[in-house]
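Below is one structure, written out as structure tokens; comments come after it.
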Amino acid sequence: MSHTDITAQFNKSFERCVNDPYFLDNFYEIFLASSDEVKVIFKDTDIETQKVMLITSMAYMTDAYDKKPSPLSAIADKHNKNNLNIKPHLYLLWLDSLISAAKSIDPLFDNRTENLWRQVLQTGIDYMASKYN
């Protein structure tokens with residue numbers, strides 16, 4: 001499967017998810033339950049605002065995978081140890097929570113789809129983690 005096909009298949013799955021209003025609620029429910037550390041980080045967060053930011057950041061993550069110029073560097077700076085201090089290990093919880101939520105929403109989600117999500121989002125996650133220090 002070509003790079004473009006991978007992105008297209010990921011985007012189709014992601015669109016099926018975000019078109020269901022329960023997806024974002026389900027994601028945050030799973031993510032906040034994933035660790036006490038995540039709960040503390042998000043304790044004073046406006047989740048409705050965060051939902052909009054999540055959709056935007058997913059587009060930036062896809063751009064990073066596609067090697068397109070992306071505003072991901074600004075997000076990485078905001079999340080580094082000198083600002084929000086989002087530790088790199090939390091991105092795995094974020095990804096696993098996204099995938100769990102997607103599995104519950106996307107009727108076509110299977111092992112191949114999960115691999116697409118992991119492949120597309122890992123480039124952005126690696127970038128975010130590399131900018132932590």
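By convention here, the chains of the structure tokens are called A, B, ... in the order presented, each chain's residues are numbered starting at 1, and ligands are numbered starting at 1 in the order presented.
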
Residue contacts of A:Phe27 (6 Å, only C-alpha atoms) excluding same-chain residues fewer than 5 positions away, as an MDAnalysis selection string: chainID A and resid 97:98 101

Keeping only N, CA and C atoms, write the selected residues as a compact mmCIF listing (two decimals), in the first residue's frame.
```
# COMPACT_ATOMS: atom_id res chain seq x y z
N SER A 97 -5.61 5.18 23.64
CA SER A 97 -6.96 5.65 23.95
C SER A 97 -7.72 6.02 22.68
N LEU A 98 -7.03 6.67 21.75
CA LEU A 98 -7.66 7.00 20.45
C LEU A 98 -8.10 5.73 19.74
N ALA A 101 -11.12 4.14 21.37
CA ALA A 101 -12.33 4.89 21.03
C ALA A 101 -12.73 4.62 19.58
```

Can you pull out every residue within 8 Å of A:Asp77, counting only C-alpha atoms, but drop anything in the same chain fewer than 5 positions away, and send it as a CSV table (one decimal) with N, CA, C and O atoms, in the first residue's frame?
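That gives us out-v9.csv:
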```csv
chain,number,residue,atom,x,y,z
A,83,ASN,N,7.0,23.9,29.2
A,83,ASN,CA,5.7,24.5,29.1
A,83,ASN,C,4.7,23.6,29.8
A,83,ASN,O,4.6,23.6,31.0
A,131,LYS,N,10.9,16.6,20.8
A,131,LYS,CA,10.9,18.0,21.2
A,131,LYS,C,10.7,18.3,22.7
A,131,LYS,O,10.6,19.4,23.1
A,132,TYR,N,10.6,17.2,23.5
A,132,TYR,CA,10.3,17.3,24.9
A,132,TYR,C,11.3,18.1,25.6
A,132,TYR,O,11.1,19.0,26.4
```

From a DSSP calculation on the backbone, collect every residue of stretch 52-118 of chain A in alpha helix (DSSP H) and output the set as an MDAnalysis selection string. chainID A and resid 52:65 72:79 90:105 111:118

Do you know which residues are at most 12 Å from A:Ser70 counting only C-alpha atoms, after dropping those on the same chain fewer than 2 positions away, and could you put them as a PDB file with N, CA, C and O atoms, in the first residue's frame?
```pdb
ATOM      1  N   THR A  56      -7.923  19.245  15.329  1.00  0.00           N
ATOM      2  CA  THR A  56      -6.880  20.003  14.642  1.00  0.00           C
ATOM      3  C   THR A  56      -5.539  19.275  14.736  1.00  0.00           C
ATOM      4  O   THR A  56      -4.828  19.140  13.732  1.00  0.00           O
ATOM      5  N   SER A  57      -5.206  18.795  15.933  1.00  0.00           N
ATOM      6  CA  SER A  57      -3.911  18.132  16.098  1.00  0.00           C
ATOM      7  C   SER A  57      -3.835  16.843  15.290  1.00  0.00           C
ATOM      8  O   SER A  57      -2.769  16.480  14.805  1.00  0.00           O
ATOM      9  N   MET A  58      -4.963  16.174  15.113  1.00  0.00           N
ATOM     10  CA  MET A  58      -4.965  14.952  14.287  1.00  0.00           C
ATOM     11  C   MET A  58      -4.607  15.301  12.837  1.00  0.00           C
ATOM     12  O   MET A  58      -3.877  14.558  12.186  1.00  0.00           O
ATOM     13  N   ALA A  59      -5.100  16.422  12.356  1.00  0.00           N
ATOM     14  CA  ALA A  59      -4.748  16.860  10.996  1.00  0.00           C
ATOM     15  C   ALA A  59      -3.254  17.154  10.911  1.00  0.00           C
ATOM     16  O   ALA A  59      -2.584  16.777   9.944  1.00  0.00           O
ATOM     17  N   TYR A  60      -2.702  17.787  11.953  1.00  0.00           N
ATOM     18  CA  TYR A  60      -1.276  18.089  11.960  1.00  0.00           C
ATOM     19  C   TYR A  60      -0.440  16.804  12.017  1.00  0.00           C
ATOM     20  O   TYR A  60       0.617  16.721  11.380  1.00  0.00           O
ATOM     21  N   MET A  61      -0.920  15.820  12.765  1.00  0.00           N
ATOM     22  CA  MET A  61      -0.208  14.544  12.860  1.00  0.00           C
ATOM     23  C   MET A  61      -0.199  13.855  11.491  1.00  0.00           C
ATOM     24  O   MET A  61       0.808  13.280  11.090  1.00  0.00           O
ATOM     25  N   THR A  62      -1.320  13.928  10.791  1.00  0.00           N
ATOM     26  CA  THR A  62      -1.396  13.330   9.453  1.00  0.00           C
ATOM     27  C   THR A  62      -0.460  14.066   8.501  1.00  0.00           C
ATOM     28  O   THR A  62       0.228  13.442   7.691  1.00  0.00           O
ATOM     29  N   ASP A  63      -0.417  15.388   8.604  1.00  0.00           N
ATOM     30  CA  ASP A  63       0.513  16.168   7.778  1.00  0.00           C
ATOM     31  C   ASP A  63       1.958  15.740   8.039  1.00  0.00           C
ATOM     32  O   ASP A  63       2.761  15.640   7.113  1.00  0.00           O
ATOM     33  N   ALA A  64       2.286  15.501   9.309  1.00  0.00           N
ATOM     34  CA  ALA A  64       3.650  15.075   9.653  1.00  0.00           C
ATOM     35  C   ALA A  64       3.964  13.746   8.980  1.00  0.00           C
ATOM     36  O   ALA A  64       5.064  13.554   8.442  1.00  0.00           O
ATOM     37  N   TYR A  65       3.006  12.833   8.984  1.00  0.00           N
ATOM     38  CA  TYR A  65       3.203  11.540   8.321  1.00  0.00           C
ATOM     39  C   TYR A  65       3.408  11.738   6.820  1.00  0.00           C
ATOM     40  O   TYR A  65       4.234  11.065   6.212  1.00  0.00           O
ATOM     41  N   ASP A  66       2.650  12.662   6.258  1.00  0.00           N
ATOM     42  CA  ASP A  66       2.742  12.929   4.816  1.00  0.00           C
ATOM     43  C   ASP A  66       3.917  13.821   4.450  1.00  0.00           C
ATOM     44  O   ASP A  66       4.074  14.208   3.301  1.00  0.00           O
ATOM     45  N   LYS A  67       4.747  14.170   5.443  1.00  0.00           N
ATOM     46  CA  LYS A  67       5.930  15.008   5.239  1.00  0.00           C
ATOM     47  C   LYS A  67       5.575  16.381   4.684  1.00  0.00           C
ATOM     48  O   LYS A  67       6.336  17.004   3.967  1.00  0.00           O
ATOM     49  N   LYS A  68       4.374  16.846   5.032  1.00  0.00           N
ATOM     50  CA  LYS A  68       3.956  18.184   4.633  1.00  0.00           C
ATOM     51  C   LYS A  68       4.357  19.162   5.732  1.00  0.00           C
ATOM     52  O   LYS A  68       4.426  18.782   6.899  1.00  0.00           O
ATOM     53  N   LEU A  72       2.826  21.425  13.658  1.00  0.00           N
ATOM     54  CA  LEU A  72       3.086  20.525  14.775  1.00  0.00           C
ATOM     55  C   LEU A  72       4.226  21.031  15.665  1.00  0.00           C
ATOM     56  O   LEU A  72       4.226  20.784  16.867  1.00  0.00           O
ATOM     57  N   SER A  73       5.168  21.776  15.090  1.00  0.00           N
ATOM     58  CA  SER A  73       6.283  22.274  15.906  1.00  0.00           C
ATOM     59  C   SER A  73       5.787  23.226  16.999  1.00  0.00           C
ATOM     60  O   SER A  73       6.298  23.211  18.120  1.00  0.00           O
ATOM     61  N   ALA A  74       4.785  24.032  16.705  1.00  0.00           N
ATOM     62  CA  ALA A  74       4.226  24.941  17.717  1.00  0.00           C
ATOM     63  C   ALA A  74       3.547  24.139  18.832  1.00  0.00           C
ATOM     64  O   ALA A  74       3.674  24.476  20.014  1.00  0.00           O
ATOM     65  N   ILE A  75       2.863  23.079  18.461  1.00  0.00           N
ATOM     66  CA  ILE A  75       2.215  22.226  19.462  1.00  0.00           C
ATOM     67  C   ILE A  75       3.282  21.515  20.295  1.00  0.00           C
ATOM     68  O   ILE A  75       3.165  21.420  21.517  1.00  0.00           O
ATOM     69  N   ALA A  76       4.324  21.037  19.637  1.00  0.00           N
ATOM     70  CA  ALA A  76       5.417  20.363  20.358  1.00  0.00           C
ATOM     71  C   ALA A  76       6.064  21.311  21.354  1.00  0.00           C
ATOM     72  O   ALA A  76       6.354  20.924  22.492  1.00  0.00           O
ATOM     73  N   GLY A 124       4.113  11.681  14.025  1.00  0.00           N
ATOM     74  CA  GLY A 124       3.845  12.873  14.815  1.00  0.00           C
ATOM     75  C   GLY A 124       4.198  12.677  16.278  1.00  0.00           C
ATOM     76  O   GLY A 124       4.740  13.580  16.923  1.00  0.00           O
ATOM     77  N   TYR A 127       7.860  12.889  16.697  1.00  0.00           N
ATOM     78  CA  TYR A 127       8.283  14.290  16.602  1.00  0.00           C
ATOM     79  C   TYR A 127       8.005  15.003  17.927  1.00  0.00           C
ATOM     80  O   TYR A 127       8.862  15.720  18.454  1.00  0.00           O
TER      81      TYR A 127
END
```

Measuring between only C-alpha atoms, which one of A:Leu95, A:Ala8, A:Leu90, A:Leu116 shows the shortest distance to A:Ala129? A:Leu90

Can you list, as a PDB file with all heavy atoms, in the first residue's frame, every protein, DNA or RNA residue that comes within 10 Å of A:Leu24 when you count only C-alpha atoms, leaving out same-chain residues fewer than 2 positions away?
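The result, stored in selection.pdb:
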```pdb
ATOM      1  N   CYS A  17     -15.177   8.127  12.514  1.00  0.00           N
ATOM      2  CA  CYS A  17     -15.156   8.342  13.963  1.00  0.00           C
ATOM      3  C   CYS A  17     -15.639   9.740  14.336  1.00  0.00           C
ATOM      4  O   CYS A  17     -16.528   9.889  15.178  1.00  0.00           O
ATOM      5  CB  CYS A  17     -13.750   8.118  14.512  1.00  0.00           C
ATOM      6  SG  CYS A  17     -13.235   6.389  14.473  1.00  0.00           S
ATOM      7  N   VAL A  18     -15.051  10.765  13.746  1.00  0.00           N
ATOM      8  CA  VAL A  18     -15.395  12.130  14.160  1.00  0.00           C
ATOM      9  C   VAL A  18     -16.805  12.526  13.739  1.00  0.00           C
ATOM     10  O   VAL A  18     -17.368  13.469  14.302  1.00  0.00           O
ATOM     11  CB  VAL A  18     -14.369  13.197  13.692  1.00  0.00           C
ATOM     12  CG1 VAL A  18     -13.029  12.967  14.344  1.00  0.00           C
ATOM     13  CG2 VAL A  18     -14.278  13.277  12.208  1.00  0.00           C
ATOM     14  N   ASN A  19     -17.390  11.814  12.804  1.00  0.00           N
ATOM     15  CA  ASN A  19     -18.775  12.094  12.441  1.00  0.00           C
ATOM     16  C   ASN A  19     -19.759  11.536  13.467  1.00  0.00           C
ATOM     17  O   ASN A  19     -20.953  11.814  13.392  1.00  0.00           O
ATOM     18  CB  ASN A  19     -19.094  11.564  11.041  1.00  0.00           C
ATOM     19  CG  ASN A  19     -18.464  12.439   9.966  1.00  0.00           C
ATOM     20  OD1 ASN A  19     -18.294  13.635  10.153  1.00  0.00           O
ATOM     21  ND2 ASN A  19     -18.105  11.834   8.852  1.00  0.00           N
ATOM     22  N   ASP A  20     -19.266  10.751  14.398  1.00  0.00           N
ATOM     23  CA  ASP A  20     -20.089  10.243  15.488  1.00  0.00           C
ATOM     24  C   ASP A  20     -19.796  11.100  16.716  1.00  0.00           C
ATOM     25  O   ASP A  20     -18.666  11.121  17.203  1.00  0.00           O
ATOM     26  CB  ASP A  20     -19.734   8.781  15.771  1.00  0.00           C
ATOM     27  CG  ASP A  20     -20.626   8.148  16.811  1.00  0.00           C
ATOM     28  OD1 ASP A  20     -20.925   8.821  17.830  1.00  0.00           O
ATOM     29  OD2 ASP A  20     -21.017   6.995  16.634  1.00  0.00           O
ATOM     30  N   PRO A  21     -20.797  11.822  17.232  1.00  0.00           N
ATOM     31  CA  PRO A  21     -20.541  12.730  18.354  1.00  0.00           C
ATOM     32  C   PRO A  21     -20.021  12.027  19.616  1.00  0.00           C
ATOM     33  O   PRO A  21     -19.406  12.668  20.468  1.00  0.00           O
ATOM     34  CB  PRO A  21     -21.899  13.389  18.616  1.00  0.00           C
ATOM     35  CG  PRO A  21     -22.892  12.633  17.823  1.00  0.00           C
ATOM     36  CD  PRO A  21     -22.169  11.841  16.788  1.00  0.00           C
ATOM     37  N   TYR A  22     -20.208  10.744  19.732  1.00  0.00           N
ATOM     38  CA  TYR A  22     -19.750  10.014  20.910  1.00  0.00           C
ATOM     39  C   TYR A  22     -18.245   9.747  20.877  1.00  0.00           C
ATOM     40  O   TYR A  22     -17.639   9.513  21.908  1.00  0.00           O
ATOM     41  CB  TYR A  22     -20.526   8.704  21.050  1.00  0.00           C
ATOM     42  CG  TYR A  22     -20.163   7.925  22.286  1.00  0.00           C
ATOM     43  CD1 TYR A  22     -20.388   8.451  23.561  1.00  0.00           C
ATOM     44  CD2 TYR A  22     -19.581   6.672  22.197  1.00  0.00           C
ATOM     45  CE1 TYR A  22     -20.035   7.753  24.704  1.00  0.00           C
ATOM     46  CE2 TYR A  22     -19.226   5.961  23.331  1.00  0.00           C
ATOM     47  CZ  TYR A  22     -19.460   6.506  24.577  1.00  0.00           C
ATOM     48  OH  TYR A  22     -19.105   5.813  25.700  1.00  0.00           O
ATOM     49  N   ASN A  26     -15.975   9.534  24.144  1.00  0.00           N
ATOM     50  CA  ASN A  26     -15.439   8.206  24.461  1.00  0.00           C
ATOM     51  C   ASN A  26     -13.918   8.260  24.580  1.00  0.00           C
ATOM     52  O   ASN A  26     -13.336   7.694  25.511  1.00  0.00           O
ATOM     53  CB  ASN A  26     -15.874   7.209  23.387  1.00  0.00           C
ATOM     54  CG  ASN A  26     -15.631   5.774  23.779  1.00  0.00           C
ATOM     55  OD1 ASN A  26     -15.562   5.429  24.955  1.00  0.00           O
ATOM     56  ND2 ASN A  26     -15.498   4.927  22.787  1.00  0.00           N
ATOM     57  N   PHE A  27     -13.263   8.954  23.654  1.00  0.00           N
ATOM     58  CA  PHE A  27     -11.818   9.081  23.724  1.00  0.00           C
ATOM     59  C   PHE A  27     -11.388   9.696  25.055  1.00  0.00           C
ATOM     60  O   PHE A  27     -10.515   9.163  25.742  1.00  0.00           O
ATOM     61  CB  PHE A  27     -11.257   9.926  22.569  1.00  0.00           C
ATOM     62  CG  PHE A  27      -9.863  10.412  22.850  1.00  0.00           C
ATOM     63  CD1 PHE A  27      -8.798   9.527  22.836  1.00  0.00           C
ATOM     64  CD2 PHE A  27      -9.628  11.735  23.194  1.00  0.00           C
ATOM     65  CE1 PHE A  27      -7.509   9.957  23.148  1.00  0.00           C
ATOM     66  CE2 PHE A  27      -8.354  12.173  23.496  1.00  0.00           C
ATOM     67  CZ  PHE A  27      -7.285  11.280  23.479  1.00  0.00           C
ATOM     68  N   TYR A  28     -11.984  10.832  25.419  1.00  0.00           N
ATOM     69  CA  TYR A  28     -11.556  11.498  26.655  1.00  0.00           C
ATOM     70  C   TYR A  28     -11.886  10.675  27.894  1.00  0.00           C
ATOM     71  O   TYR A  28     -11.118  10.676  28.856  1.00  0.00           O
ATOM     72  CB  TYR A  28     -12.095  12.931  26.743  1.00  0.00           C
ATOM     73  CG  TYR A  28     -11.236  13.852  25.910  1.00  0.00           C
ATOM     74  CD1 TYR A  28     -11.670  14.347  24.701  1.00  0.00           C
ATOM     75  CD2 TYR A  28      -9.937  14.156  26.324  1.00  0.00           C
ATOM     76  CE1 TYR A  28     -10.843  15.150  23.925  1.00  0.00           C
ATOM     77  CE2 TYR A  28      -9.113  14.957  25.551  1.00  0.00           C
ATOM     78  CZ  TYR A  28      -9.566  15.446  24.359  1.00  0.00           C
ATOM     79  OH  TYR A  28      -8.743  16.218  23.593  1.00  0.00           O
ATOM     80  N   GLU A  29     -12.979   9.959  27.860  1.00  0.00           N
ATOM     81  CA  GLU A  29     -13.304   9.067  28.979  1.00  0.00           C
ATOM     82  C   GLU A  29     -12.208   8.000  29.140  1.00  0.00           C
ATOM     83  O   GLU A  29     -11.716   7.753  30.242  1.00  0.00           O
ATOM     84  CB  GLU A  29     -14.663   8.417  28.716  1.00  0.00           C
ATOM     85  CG  GLU A  29     -15.171   7.544  29.814  1.00  0.00           C
ATOM     86  CD  GLU A  29     -16.539   6.985  29.475  1.00  0.00           C
ATOM     87  OE1 GLU A  29     -17.444   7.776  29.124  1.00  0.00           O
ATOM     88  OE2 GLU A  29     -16.695   5.749  29.540  1.00  0.00           O
ATOM     89  N   ILE A  30     -11.817   7.394  28.036  1.00  0.00           N
ATOM     90  CA  ILE A  30     -10.772   6.356  28.054  1.00  0.00           C
ATOM     91  C   ILE A  30      -9.419   6.964  28.439  1.00  0.00           C
ATOM     92  O   ILE A  30      -8.694   6.428  29.281  1.00  0.00           O
ATOM     93  CB  ILE A  30     -10.681   5.657  26.679  1.00  0.00           C
ATOM     94  CG1 ILE A  30     -11.952   4.861  26.407  1.00  0.00           C
ATOM     95  CG2 ILE A  30      -9.452   4.746  26.602  1.00  0.00           C
ATOM     96  CD1 ILE A  30     -12.109   4.420  24.951  1.00  0.00           C
ATOM     97  N   ILE A  47     -12.840  20.556  28.433  1.00  0.00           N
ATOM     98  CA  ILE A  47     -12.825  19.419  27.502  1.00  0.00           C
ATOM     99  C   ILE A  47     -13.470  19.779  26.167  1.00  0.00           C
ATOM    100  O   ILE A  47     -13.037  19.289  25.121  1.00  0.00           O
ATOM    101  CB  ILE A  47     -13.481  18.169  28.142  1.00  0.00           C
ATOM    102  CG1 ILE A  47     -12.620  17.664  29.312  1.00  0.00           C
ATOM    103  CG2 ILE A  47     -13.687  17.066  27.119  1.00  0.00           C
ATOM    104  CD1 ILE A  47     -11.222  17.186  28.930  1.00  0.00           C
ATOM    105  N   GLU A  48     -14.465  20.646  26.161  1.00  0.00           N
ATOM    106  CA  GLU A  48     -15.088  21.031  24.890  1.00  0.00           C
ATOM    107  C   GLU A  48     -14.083  21.738  23.987  1.00  0.00           C
ATOM    108  O   GLU A  48     -14.018  21.471  22.790  1.00  0.00           O
ATOM    109  CB  GLU A  48     -16.335  21.895  25.123  1.00  0.00           C
ATOM    110  CG  GLU A  48     -17.477  21.145  25.799  1.00  0.00           C
ATOM    111  CD  GLU A  48     -17.862  19.849  25.091  1.00  0.00           C
ATOM    112  OE1 GLU A  48     -18.054  19.860  23.858  1.00  0.00           O
ATOM    113  OE2 GLU A  48     -17.963  18.807  25.777  1.00  0.00           O
ATOM    114  N   GLN A  50     -10.851  21.346  24.256  1.00  0.00           N
ATOM    115  CA  GLN A  50      -9.845  20.322  23.981  1.00  0.00           C
ATOM    116  C   GLN A  50     -10.274  19.422  22.820  1.00  0.00           C
ATOM    117  O   GLN A  50      -9.443  18.995  22.029  1.00  0.00           O
ATOM    118  CB  GLN A  50      -9.617  19.487  25.255  1.00  0.00           C
ATOM    119  CG  GLN A  50      -8.367  18.676  25.218  1.00  0.00           C
ATOM    120  CD  GLN A  50      -7.097  19.513  25.164  1.00  0.00           C
ATOM    121  OE1 GLN A  50      -7.019  20.602  25.720  1.00  0.00           O
ATOM    122  NE2 GLN A  50      -6.108  19.006  24.485  1.00  0.00           N
ATOM    123  N   LYS A  51     -11.572  19.158  22.706  1.00  0.00           N
ATOM    124  CA  LYS A  51     -12.081  18.320  21.608  1.00  0.00           C
ATOM    125  C   LYS A  51     -11.764  18.959  20.254  1.00  0.00           C
ATOM    126  O   LYS A  51     -11.334  18.275  19.325  1.00  0.00           O
ATOM    127  CB  LYS A  51     -13.588  18.110  21.745  1.00  0.00           C
ATOM    128  CG  LYS A  51     -13.978  17.186  22.864  1.00  0.00           C
ATOM    129  CD  LYS A  51     -15.495  17.114  22.962  1.00  0.00           C
ATOM    130  CE  LYS A  51     -15.946  16.307  24.143  1.00  0.00           C
ATOM    131  NZ  LYS A  51     -17.420  16.289  24.258  1.00  0.00           N
ATOM    132  N   VAL A  52     -11.968  20.269  20.162  1.00  0.00           N
ATOM    133  CA  VAL A  52     -11.675  20.986  18.914  1.00  0.00           C
ATOM    134  C   VAL A  52     -10.177  20.919  18.626  1.00  0.00           C
ATOM    135  O   VAL A  52      -9.755  20.675  17.493  1.00  0.00           O
ATOM    136  CB  VAL A  52     -12.159  22.455  19.002  1.00  0.00           C
ATOM    137  CG1 VAL A  52     -11.719  23.249  17.780  1.00  0.00           C
ATOM    138  CG2 VAL A  52     -13.660  22.504  19.172  1.00  0.00           C
ATOM    139  N   LEU A  54      -8.142  18.619  19.576  1.00  0.00           N
ATOM    140  CA  LEU A  54      -7.782  17.250  19.191  1.00  0.00           C
ATOM    141  C   LEU A  54      -7.980  17.042  17.693  1.00  0.00           C
ATOM    142  O   LEU A  54      -7.111  16.486  17.024  1.00  0.00           O
ATOM    143  CB  LEU A  54      -8.598  16.223  19.976  1.00  0.00           C
ATOM    144  CG  LEU A  54      -8.374  14.771  19.561  1.00  0.00           C
ATOM    145  CD1 LEU A  54      -6.944  14.325  19.860  1.00  0.00           C
ATOM    146  CD2 LEU A  54      -9.366  13.858  20.238  1.00  0.00           C
ATOM    147  N   ILE A  55      -9.095  17.481  17.171  1.00  0.00           N
ATOM    148  CA  ILE A  55      -9.371  17.328  15.732  1.00  0.00           C
ATOM    149  C   ILE A  55      -8.282  18.039  14.923  1.00  0.00           C
ATOM    150  O   ILE A  55      -7.749  17.496  13.959  1.00  0.00           O
ATOM    151  CB  ILE A  55     -10.765  17.894  15.369  1.00  0.00           C
ATOM    152  CG1 ILE A  55     -11.867  17.164  16.137  1.00  0.00           C
ATOM    153  CG2 ILE A  55     -11.006  17.814  13.866  1.00  0.00           C
ATOM    154  CD1 ILE A  55     -11.953  15.697  15.902  1.00  0.00           C
ATOM    155  N   LEU A  98      -7.034   6.675  21.747  1.00  0.00           N
ATOM    156  CA  LEU A  98      -7.656   6.997  20.454  1.00  0.00           C
ATOM    157  C   LEU A  98      -8.096   5.729  19.738  1.00  0.00           C
ATOM    158  O   LEU A  98      -9.208   5.647  19.212  1.00  0.00           O
ATOM    159  CB  LEU A  98      -6.673   7.744  19.554  1.00  0.00           C
ATOM    160  CG  LEU A  98      -6.630   9.240  19.643  1.00  0.00           C
ATOM    161  CD1 LEU A  98      -5.496   9.786  18.788  1.00  0.00           C
ATOM    162  CD2 LEU A  98      -7.956   9.856  19.208  1.00  0.00           C
ATOM    163  N   ALA A 101     -11.118   4.135  21.375  1.00  0.00           N
ATOM    164  CA  ALA A 101     -12.325   4.885  21.034  1.00  0.00           C
ATOM    165  C   ALA A 101     -12.731   4.620  19.582  1.00  0.00           C
ATOM    166  O   ALA A 101     -13.911   4.426  19.290  1.00  0.00           O
ATOM    167  CB  ALA A 101     -12.106   6.379  21.262  1.00  0.00           C
ATOM    168  N   ALA A 102     -11.766   4.585  18.685  1.00  0.00           N
ATOM    169  CA  ALA A 102     -12.060   4.336  17.268  1.00  0.00           C
ATOM    170  C   ALA A 102     -12.661   2.940  17.067  1.00  0.00           C
ATOM    171  O   ALA A 102     -13.615   2.782  16.302  1.00  0.00           O
ATOM    172  CB  ALA A 102     -10.800   4.499  16.432  1.00  0.00           C
TER     173      ALA A 102
END
```

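The space between atom CA of A:Leu32 and atom CA of A:Lys103 spans 17.3 Å.
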
Between A:Leu84, A:Gln119, A:Thr113, A:Ile99, which has the minimum distance to A:Phe23 (counting only C-alpha atoms)? A:Ile99

Separation of atom CA of A:Met128 from atom CA of A:Lys39 in Å: 20.1 Å

Taking into account only C-alpha atoms, which residue in the set A:Trp94, A:Arg112, A:Ser34, A:Ser100 is nearest to A:Met1?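 Under the stated criterion, the closest residue is A:Arg112.
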
Straight-line distance linking atom CA of A:Glu37 with atom CA of A:Asn111, stated in Å to one decimal: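 Distance reported for this atom pair: 28.6 Å.
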